[in-house]
Amino acid sequence: MSKPKALLIDITKCIGCKACVYACKEANHLPEKEDEELASTSYTVVKEKEGVYYRRLCMHCNEPTCASVCPVKAFEKTPEGPVTYHGKKCIGCRYCIQACPFSVPTYEWESTKPLVRKCTMCAERQKQGKITACSEACPTGATIFGDRDELLNEARKRIQENPGQYVDHIYGEKEAGGTSVLFLSSVPFEKFGFPTNLTEEPLSDLTWKIMSKIPNYVVVSGVFLYGIYWIINRRMETKELKNKSKDKE
Amino acid sequence: METKINSPFKLTFWKGVLIVIWILGIVATIVRFSKGLGASTNLSDQFPWGLWIGFDILCGIGLAAGGFTLAAIVYIFHIKRFYPILRPTILTAFLGYIMMIFALLFDLGQPWRIWHLLIYWNPHSVLFEVGWCVMLYTTVLALEFSPILFERLGWGKPRKWISKVLIPLVIAGVILSTLHQSALGSLYLIMPEKLYPFWYSSIIPFLFFLSAVAVGCAMVIFESHLSYRAFGHRLKMDLLADLGRIMLVTLVVYAILKIQDFSGRGVWSVIFQNRPETYLFWLEALVGVIVPVIMLAIKKIRLSERGLYYVAVCTITGFLLNRLNVSVTGMEASSGVHYFPSWMEISITLAIVATGFFVFSLAVRYLPIFEHPEEESESESSELAEEILNVDTMPK
């Protein structure tokens, strides 16, 4: 089995040409209309903040929140890296959109048979041995595709070799348990509105701590409640019997 | 059953209101299903859960909490004195759950796939738990409610069968609804960076459960007052006062947990920040917890019908504020957008609630829901409670 893949996005190299956006639209057969923010018609967008261009797309978490919250298992983290979506299962509860820490999944609000839409990390293209459309299209190498561990090494190397050029942080290395999309930047990530209050613990652990206790809870409280019922019932019965025998006397 | 109808004019007025609400609801329903969620709601990718989840589901299920609280009191703890209010409470819970399922069908993007919950399992998802609790508990409530229907139809046999499995049924109901009430809070456990710190908490499942118990009692008091005004059935004061006491204990425990939680997470430093969340939080705390606790602590109020009614109204209002704060206002800051429901969202909610009231009034009129208070006090226990205690084998 091949190693998990990832994308490394070096914001310092991005020139804002949007080649990735157009390539993405073509690869995923999305309408040409441009969106300001991620939408069901745009799996990635290039945005600008104070002269710095950056991308937004699905982070493809190692422990995806969307896959954890989906009641019908419509999301799946594949061993190759991409978090894929099985639209046929989706009931449209939109818990994934609500819960995603990176606010990535979007919904087809105008449709009467709506589905969730988000970047697929070109899972289909990857199966054919190709790299993602965005990394293929990027003219400056701002988005590159490769093995996750190799890209992490590359990112560390760039930080070390160019002191002062980067913030000493690889966004996505550890955020929410780590992601398959990694960012390097010259400006602190909160400037772009990237959530910086995420712990290294996957968010899904927060619910699993409670959910994993449910089977025990059901058994224990079932026995406990029946016990209470039985004890009180027994007491009342014996009381009745005593009264009865007293009456006979 | 005899009913008191106040005046024909009042009835037509309410009928008129009902018809207007229904017409608006039908229009909104047509738009919802022919044009989709985008055309009918103000929901967006930034704000995917709105009024239907916040009010219809979080509030609706909470307000139905009287059902399991009272079933446990009567059947498991054998406190038979509460039997007279059990039936209206179970009816409310049953209707509440059915209304909630209706609301869910509007909110789900593809409601015709709701049965997918049965075949695609994800035990890691809180929503999976919620879905199963709703399905199972609605079934339990239907069975708990069925004796009333069988009585009306005069079907002795099914009535007997039900009473034989009643205890396991009640226990299952209590377990399912404690799970369900707390799970609605657990839904938000996974969003620590999205939900405002006043409401996000690792103990949110317990807080949701406790507030559901308190509001369950408040709902029983409230309903008893309303049904007295509408139908002339009055509940005995000592029962209501006991419910008041349960409420007091629950709310005090809730307050202590909340204070501990705030200290643990260091929320006190932001508690007086000049932000909309601060005002909403204090309003919620004041109306839903502080005022009711003070009022209930005063014996004179706890033992007066009017006083208890005001306490109940306060607690219910505070509860609604809390659930809407968790689901709507507490999420706004992190979403970066402002959400207010569209008229269609509001009218579908109104139509569902109005239909609930309508069915409740029909049920009260045509089914043996309210026992006659005098009979109750004489025989002290009902036929059903007697069956459970096996006293019918003993001479009377």
# chains A, B, ... in the order shown; residues from 1 in each chain; ligands from 1

$ select_by_dssp --residues "region 93-199 of chain A" --states "strand (DSSP E or B)" --output "PyMOL selection string"
chain A and resi 106-107+116-117+143-147+171+179+181-184

$ write_last_selection --atoms "N, CA, C and O atoms" --output "PDB file, in the first residue's frame"
ATOM      1  N   THR A 106     -19.916  22.366   1.908  1.00  0.00           N
ATOM      2  CA  THR A 106     -20.955  23.303   1.484  1.00  0.00           C
ATOM      3  C   THR A 106     -22.153  22.504   0.988  1.00  0.00           C
ATOM      4  O   THR A 106     -22.052  21.302   0.740  1.00  0.00           O
ATOM      5  N   TYR A 107     -23.264  23.179   0.830  1.00  0.00           N
ATOM      6  CA  TYR A 107     -24.503  22.481   0.508  1.00  0.00           C
ATOM      7  C   TYR A 107     -25.110  23.042  -0.762  1.00  0.00           C
ATOM      8  O   TYR A 107     -24.966  24.227  -1.055  1.00  0.00           O
ATOM      9  N   VAL A 116     -24.012  17.413  -0.208  1.00  0.00           N
ATOM     10  CA  VAL A 116     -22.897  18.181   0.329  1.00  0.00           C
ATOM     11  C   VAL A 116     -21.797  18.177  -0.736  1.00  0.00           C
ATOM     12  O   VAL A 116     -21.603  17.184  -1.435  1.00  0.00           O
ATOM     13  N   ARG A 117     -21.106  19.301  -0.876  1.00  0.00           N
ATOM     14  CA  ARG A 117     -20.016  19.365  -1.849  1.00  0.00           C
ATOM     15  C   ARG A 117     -18.755  19.856  -1.165  1.00  0.00           C
ATOM     16  O   ARG A 117     -18.806  20.778  -0.345  1.00  0.00           O
ATOM     17  N   THR A 143       1.431  25.100  -4.698  1.00  0.00           N
ATOM     18  CA  THR A 143       0.735  23.893  -4.251  1.00  0.00           C
ATOM     19  C   THR A 143       1.464  22.693  -4.840  1.00  0.00           C
ATOM     20  O   THR A 143       1.532  22.554  -6.066  1.00  0.00           O
ATOM     21  N   ILE A 144       2.021  21.862  -3.993  1.00  0.00           N
ATOM     22  CA  ILE A 144       2.661  20.646  -4.512  1.00  0.00           C
ATOM     23  C   ILE A 144       2.041  19.419  -3.856  1.00  0.00           C
ATOM     24  O   ILE A 144       1.502  19.481  -2.748  1.00  0.00           O
ATOM     25  N   PHE A 145       2.113  18.290  -4.582  1.00  0.00           N
ATOM     26  CA  PHE A 145       1.490  17.041  -4.173  1.00  0.00           C
ATOM     27  C   PHE A 145       2.586  16.026  -3.884  1.00  0.00           C
ATOM     28  O   PHE A 145       3.610  15.998  -4.559  1.00  0.00           O
ATOM     29  N   GLY A 146       2.391  15.212  -2.846  1.00  0.00           N
ATOM     30  CA  GLY A 146       3.396  14.190  -2.557  1.00  0.00           C
ATOM     31  C   GLY A 146       3.027  13.363  -1.342  1.00  0.00           C
ATOM     32  O   GLY A 146       1.905  13.481  -0.825  1.00  0.00           O
ATOM     33  N   ASP A 147       3.974  12.544  -0.890  1.00  0.00           N
ATOM     34  CA  ASP A 147       3.757  11.780   0.339  1.00  0.00           C
ATOM     35  C   ASP A 147       3.736  12.761   1.515  1.00  0.00           C
ATOM     36  O   ASP A 147       4.550  13.686   1.561  1.00  0.00           O
ATOM     37  N   TYR A 171       1.012  24.680   9.289  1.00  0.00           N
ATOM     38  CA  TYR A 171      -0.411  24.567   9.624  1.00  0.00           C
ATOM     39  C   TYR A 171      -0.957  23.277   9.014  1.00  0.00           C
ATOM     40  O   TYR A 171      -0.877  23.072   7.803  1.00  0.00           O
ATOM     41  N   THR A 179      -3.659  17.046   9.348  1.00  0.00           N
ATOM     42  CA  THR A 179      -4.452  17.047   8.123  1.00  0.00           C
ATOM     43  C   THR A 179      -3.575  16.665   6.938  1.00  0.00           C
ATOM     44  O   THR A 179      -2.343  16.665   7.039  1.00  0.00           O
ATOM     45  N   VAL A 181      -3.634  18.383   4.192  1.00  0.00           N
ATOM     46  CA  VAL A 181      -3.294  19.615   3.491  1.00  0.00           C
ATOM     47  C   VAL A 181      -2.460  20.441   4.462  1.00  0.00           C
ATOM     48  O   VAL A 181      -2.856  20.651   5.604  1.00  0.00           O
ATOM     49  N   LEU A 182      -1.269  20.840   4.012  1.00  0.00           N
ATOM     50  CA  LEU A 182      -0.339  21.544   4.894  1.00  0.00           C
ATOM     51  C   LEU A 182      -0.084  22.945   4.341  1.00  0.00           C
ATOM     52  O   LEU A 182       0.004  23.125   3.126  1.00  0.00           O
ATOM     53  N   PHE A 183       0.023  23.920   5.243  1.00  0.00           N
ATOM     54  CA  PHE A 183       0.252  25.296   4.809  1.00  0.00           C
ATOM     55  C   PHE A 183       1.541  25.851   5.396  1.00  0.00           C
ATOM     56  O   PHE A 183       1.863  25.591   6.559  1.00  0.00           O
ATOM     57  N   LEU A 184       2.250  26.623   4.581  1.00  0.00           N
ATOM     58  CA  LEU A 184       3.363  27.431   5.065  1.00  0.00           C
ATOM     59  C   LEU A 184       3.010  28.885   4.777  1.00  0.00           C
ATOM     60  O   LEU A 184       2.423  29.188   3.739  1.00  0.00           O
TER      61      LEU A 184
END

$ residues_around --residues "region 85-100 of chain A" --least-positions-apart "2" --cutoff "7 Å" --atoms "only C-alpha atoms" --output "PyMOL selection string"
(chain A and resi 65-66+69-70+72+74-76+83+102-106+115) or (chain B and resi 45+48-49+108-111+113-114+116+190-191)

$ closest_residue --among "A:Thr132, A:Gln160, A:Ser245, A:Ser68" --to "chain B" --atoms "only C-alpha atoms"
A:Ser68

$ select_by_dssp --residues "region 129-376 of chain B" --states "alpha helix (DSSP H)" --output "PyMOL selection string"
chain B and resi 129-153+156-164+166-186+204-231+237-265+276-285+291-297+299-302+305-324+330-335+343-366+373-376

$ atom_distance --atom1 "CA of Arg365 (chain B)" --atom2 "CA of Gly66 (chain B)"
21.0 Å

$ closest_residue --among "B:Val364, B:Ala285, B:Leu210, B:Ala183" --to "Thr250 (chain B)" --atoms "only C-alpha atoms"
B:Leu210

$ residues_around --residues "region 272-282 of chain B" --least-positions-apart "3" --cutoff "9 Å" --atoms "only C-alpha atoms" --output "list of chain:residue names"
B:Tyr196, B:Phe198, B:Trp199, B:Trp268, B:Ser269, B:Ala285, B:Leu286, B:Val287, B:Leu321, B:Asn322, B:Asn325, B:Thr329, B:Gly330, B:Ala333

$ write_last_selection --atoms "all heavy atoms" --output "CSV table (one decimal), in the first residue's frame"
chain,number,residue,atom,x,y,z
B,196,TYR,N,-20.0,29.7,21.5
B,196,TYR,CA,-19.5,30.7,22.5
B,196,TYR,C,-19.3,30.1,23.9
B,196,TYR,O,-20.1,29.3,24.3
B,196,TYR,CB,-20.5,31.8,22.5
B,196,TYR,CG,-19.9,33.1,23.0
B,196,TYR,CD1,-19.1,33.9,22.2
B,196,TYR,CD2,-20.1,33.5,24.3
B,196,TYR,CE1,-18.5,35.0,22.7
B,196,TYR,CE2,-19.6,34.7,24.8
B,196,TYR,CZ,-18.7,35.4,24.0
B,196,TYR,OH,-18.2,36.6,24.4
B,198,PHE,N,-19.9,30.8,26.9
B,198,PHE,CA,-20.9,30.7,27.9
B,198,PHE,C,-21.7,29.4,27.8
B,198,PHE,O,-22.2,28.9,28.7
B,198,PHE,CB,-21.9,31.8,27.7
B,198,PHE,CG,-21.4,33.2,28.0
B,198,PHE,CD1,-22.0,34.3,27.4
B,198,PHE,CD2,-20.3,33.3,28.9
B,198,PHE,CE1,-21.5,35.6,27.7
B,198,PHE,CE2,-19.8,34.6,29.2
B,198,PHE,CZ,-20.4,35.7,28.6
B,199,TRP,N,-21.7,28.8,26.6
B,199,TRP,CA,-22.6,27.6,26.4
B,199,TRP,C,-21.8,26.4,26.1
B,199,TRP,O,-22.2,25.3,26.4
B,199,TRP,CB,-23.6,27.9,25.3
B,199,TRP,CG,-24.5,29.0,25.7
B,199,TRP,CD1,-25.5,28.9,26.7
B,199,TRP,CD2,-24.5,30.4,25.3
B,199,TRP,NE1,-26.1,30.1,26.8
B,199,TRP,CE2,-25.5,31.1,26.0
B,199,TRP,CE3,-23.8,31.1,24.3
B,199,TRP,CZ2,-25.8,32.4,25.8
B,199,TRP,CZ3,-24.0,32.4,24.1
B,199,TRP,CH2,-25.0,33.1,24.9
B,268,TRP,N,-15.2,33.3,33.9
B,268,TRP,CA,-15.6,34.5,34.7
B,268,TRP,C,-15.0,35.8,34.1
B,268,TRP,O,-15.7,36.9,34.2
B,268,TRP,CB,-15.2,34.3,36.1
B,268,TRP,CG,-15.9,33.2,36.8
B,268,TRP,CD1,-15.3,32.1,37.3
B,268,TRP,CD2,-17.3,33.1,37.0
B,268,TRP,NE1,-16.3,31.2,37.8
B,268,TRP,CE2,-17.5,31.8,37.6
B,268,TRP,CE3,-18.4,33.9,36.8
B,268,TRP,CZ2,-18.8,31.3,38.0
B,268,TRP,CZ3,-19.7,33.4,37.1
B,268,TRP,CH2,-19.8,32.2,37.7
B,269,SER,N,-13.9,35.7,33.5
B,269,SER,CA,-13.2,37.0,33.0
B,269,SER,C,-14.0,37.6,31.9
B,269,SER,O,-13.8,38.8,31.7
B,269,SER,CB,-11.8,36.7,32.6
B,269,SER,OG,-11.8,35.6,31.7
B,285,ALA,N,-29.9,33.2,32.3
B,285,ALA,CA,-29.6,32.7,33.7
B,285,ALA,C,-30.6,33.3,34.7
B,285,ALA,O,-31.1,32.6,35.6
B,285,ALA,CB,-28.2,33.2,34.1
B,286,LEU,N,-31.0,34.6,34.5
B,286,LEU,CA,-31.9,35.3,35.4
B,286,LEU,C,-33.3,34.6,35.3
B,286,LEU,O,-33.9,34.2,36.3
B,286,LEU,CB,-32.0,36.7,35.0
B,286,LEU,CG,-32.3,37.7,36.1
B,286,LEU,CD1,-31.2,37.7,37.2
B,286,LEU,CD2,-32.5,39.1,35.5
B,287,VAL,N,-33.8,34.6,34.1
B,287,VAL,CA,-35.2,34.1,33.9
B,287,VAL,C,-35.3,32.6,34.1
B,287,VAL,O,-36.3,32.1,34.7
B,287,VAL,CB,-35.7,34.5,32.4
B,287,VAL,CG1,-37.1,33.9,32.2
B,287,VAL,CG2,-35.7,36.0,32.2
B,321,LEU,N,-34.7,30.1,25.8
B,321,LEU,CA,-33.6,31.0,25.6
B,321,LEU,C,-32.3,30.2,25.5
B,321,LEU,O,-31.5,30.4,24.7
B,321,LEU,CB,-33.5,32.0,26.7
B,321,LEU,CG,-34.2,33.4,26.4
B,321,LEU,CD1,-34.2,34.2,27.7
B,321,LEU,CD2,-33.4,34.1,25.4
B,322,ASN,N,-32.1,29.3,26.5
B,322,ASN,CA,-30.9,28.5,26.6
B,322,ASN,C,-30.7,27.7,25.3
B,322,ASN,O,-29.7,27.7,24.7
B,322,ASN,CB,-30.9,27.6,27.8
B,322,ASN,CG,-29.8,26.6,27.8
B,322,ASN,OD1,-29.9,25.5,27.4
B,322,ASN,ND2,-28.6,27.1,28.1
B,325,ASN,N,-30.0,29.9,22.4
B,325,ASN,CA,-28.6,30.5,22.6
B,325,ASN,C,-27.6,29.5,22.1
B,325,ASN,O,-26.6,29.8,21.4
B,325,ASN,CB,-28.3,30.9,24.0
B,325,ASN,CG,-28.9,32.2,24.4
B,325,ASN,OD1,-29.1,33.1,23.5
B,325,ASN,ND2,-29.2,32.5,25.6
B,329,THR,N,-27.8,31.9,18.7
B,329,THR,CA,-27.0,33.0,19.0
B,329,THR,C,-25.6,32.7,19.4
B,329,THR,O,-24.6,33.4,19.1
B,329,THR,CB,-27.6,33.9,20.1
B,329,THR,OG1,-28.3,33.0,21.0
B,329,THR,CG2,-28.6,34.8,19.5
B,330,GLY,N,-25.4,31.6,20.1
B,330,GLY,CA,-24.0,31.2,20.5
B,330,GLY,C,-23.1,30.8,19.4
B,330,GLY,O,-21.9,30.7,19.5
B,333,ALA,N,-21.2,34.3,16.4
B,333,ALA,CA,-19.9,35.0,16.4
B,333,ALA,C,-18.9,34.2,15.6
B,333,ALA,O,-18.2,34.8,14.7
B,333,ALA,CB,-19.4,35.1,17.8

$ atom_distance --atom1 "CA of Ser40 (chain B)" --atom2 "CA of Ser342 (chain B)"
7.2 Å

$ closest_residue --among "A:Thr78, A:Ala19, A:Gln128, A:Ser111" --to "Asn62 (chain A)" --atoms "only C-alpha atoms"
A:Thr78

$ closest_residue --among "A:Ser204, A:Thr112, A:Ser42, A:Thr84" --to "Trp112 (chain B)" --atoms "only C-alpha atoms"
A:Thr112

$ decode --residues "region 109-162 of chain A" --atoms "C-alpha atoms" --output "PDB file, in the first residue's frame"
ATOM      1  CA  TRP A 109     -29.037  25.009  -1.160  1.00  0.00           C
ATOM      2  CA  GLU A 110     -30.854  25.675  -4.421  1.00  0.00           C
ATOM      3  CA  SER A 111     -31.419  22.014  -5.253  1.00  0.00           C
ATOM      4  CA  THR A 112     -34.473  19.954  -4.318  1.00  0.00           C
ATOM      5  CA  LYS A 113     -32.236  16.881  -4.013  1.00  0.00           C
ATOM      6  CA  PRO A 114     -29.284  18.601  -2.357  1.00  0.00           C
ATOM      7  CA  LEU A 115     -25.919  17.027  -1.640  1.00  0.00           C
ATOM      8  CA  VAL A 116     -22.897  18.181   0.329  1.00  0.00           C
ATOM      9  CA  ARG A 117     -20.016  19.365  -1.849  1.00  0.00           C
ATOM     10  CA  LYS A 118     -16.362  19.726  -0.993  1.00  0.00           C
ATOM     11  CA  CYS A 119     -12.863  19.157  -2.374  1.00  0.00           C
ATOM     12  CA  THR A 120     -12.167  15.474  -3.022  1.00  0.00           C
ATOM     13  CA  MET A 121      -8.366  15.846  -3.215  1.00  0.00           C
ATOM     14  CA  CYS A 122      -8.968  14.456  -6.707  1.00  0.00           C
ATOM     15  CA  ALA A 123      -9.403  10.950  -5.306  1.00  0.00           C
ATOM     16  CA  GLU A 124     -10.498   9.692  -8.727  1.00  0.00           C
ATOM     17  CA  ARG A 125      -7.498  11.227 -10.481  1.00  0.00           C
ATOM     18  CA  GLN A 126      -5.215   9.793  -7.808  1.00  0.00           C
ATOM     19  CA  LYS A 127      -6.580   6.322  -8.547  1.00  0.00           C
ATOM     20  CA  GLN A 128      -5.481   6.816 -12.145  1.00  0.00           C
ATOM     21  CA  GLY A 129      -2.000   7.667 -10.911  1.00  0.00           C
ATOM     22  CA  LYS A 130      -2.388  11.402 -11.499  1.00  0.00           C
ATOM     23  CA  ILE A 131      -1.757  14.231  -9.047  1.00  0.00           C
ATOM     24  CA  THR A 132      -4.447  16.685  -7.987  1.00  0.00           C
ATOM     25  CA  ALA A 133      -5.654  19.134 -10.636  1.00  0.00           C
ATOM     26  CA  CYS A 134      -4.725  22.144  -8.512  1.00  0.00           C
ATOM     27  CA  SER A 135      -1.128  21.086  -7.943  1.00  0.00           C
ATOM     28  CA  GLU A 136      -0.766  20.167 -11.609  1.00  0.00           C
ATOM     29  CA  ALA A 137      -1.978  23.596 -12.669  1.00  0.00           C
ATOM     30  CA  CYS A 138       0.006  25.694 -10.202  1.00  0.00           C
ATOM     31  CA  PRO A 139       2.647  27.605 -12.209  1.00  0.00           C
ATOM     32  CA  THR A 140       4.823  28.628  -9.232  1.00  0.00           C
ATOM     33  CA  GLY A 141       4.854  25.413  -7.214  1.00  0.00           C
ATOM     34  CA  ALA A 142       2.867  27.039  -4.428  1.00  0.00           C
ATOM     35  CA  THR A 143       0.735  23.893  -4.251  1.00  0.00           C
ATOM     36  CA  ILE A 144       2.661  20.646  -4.512  1.00  0.00           C
ATOM     37  CA  PHE A 145       1.490  17.041  -4.173  1.00  0.00           C
ATOM     38  CA  GLY A 146       3.396  14.190  -2.557  1.00  0.00           C
ATOM     39  CA  ASP A 147       3.757  11.780   0.339  1.00  0.00           C
ATOM     40  CA  ARG A 148       2.699  13.456   3.567  1.00  0.00           C
ATOM     41  CA  ASP A 149       5.882  12.673   5.492  1.00  0.00           C
ATOM     42  CA  GLU A 150       8.074  13.877   2.645  1.00  0.00           C
ATOM     43  CA  LEU A 151       6.123  17.097   2.323  1.00  0.00           C
ATOM     44  CA  LEU A 152       6.449  17.664   6.075  1.00  0.00           C
ATOM     45  CA  ASN A 153      10.225  17.286   5.752  1.00  0.00           C
ATOM     46  CA  GLU A 154      10.224  19.660   2.811  1.00  0.00           C
ATOM     47  CA  ALA A 155       8.229  22.203   4.783  1.00  0.00           C
ATOM     48  CA  ARG A 156      10.576  21.973   7.775  1.00  0.00           C
ATOM     49  CA  LYS A 157      13.534  22.374   5.446  1.00  0.00           C
ATOM     50  CA  ARG A 158      12.056  25.527   3.897  1.00  0.00           C
ATOM     51  CA  ILE A 159      11.464  27.061   7.321  1.00  0.00           C
ATOM     52  CA  GLN A 160      15.015  26.266   8.421  1.00  0.00           C
ATOM     53  CA  GLU A 161      16.756  27.355   5.249  1.00  0.00           C
ATOM     54  CA  ASN A 162      14.939  30.675   4.928  1.00  0.00           C
TER      55      ASN A 162
END
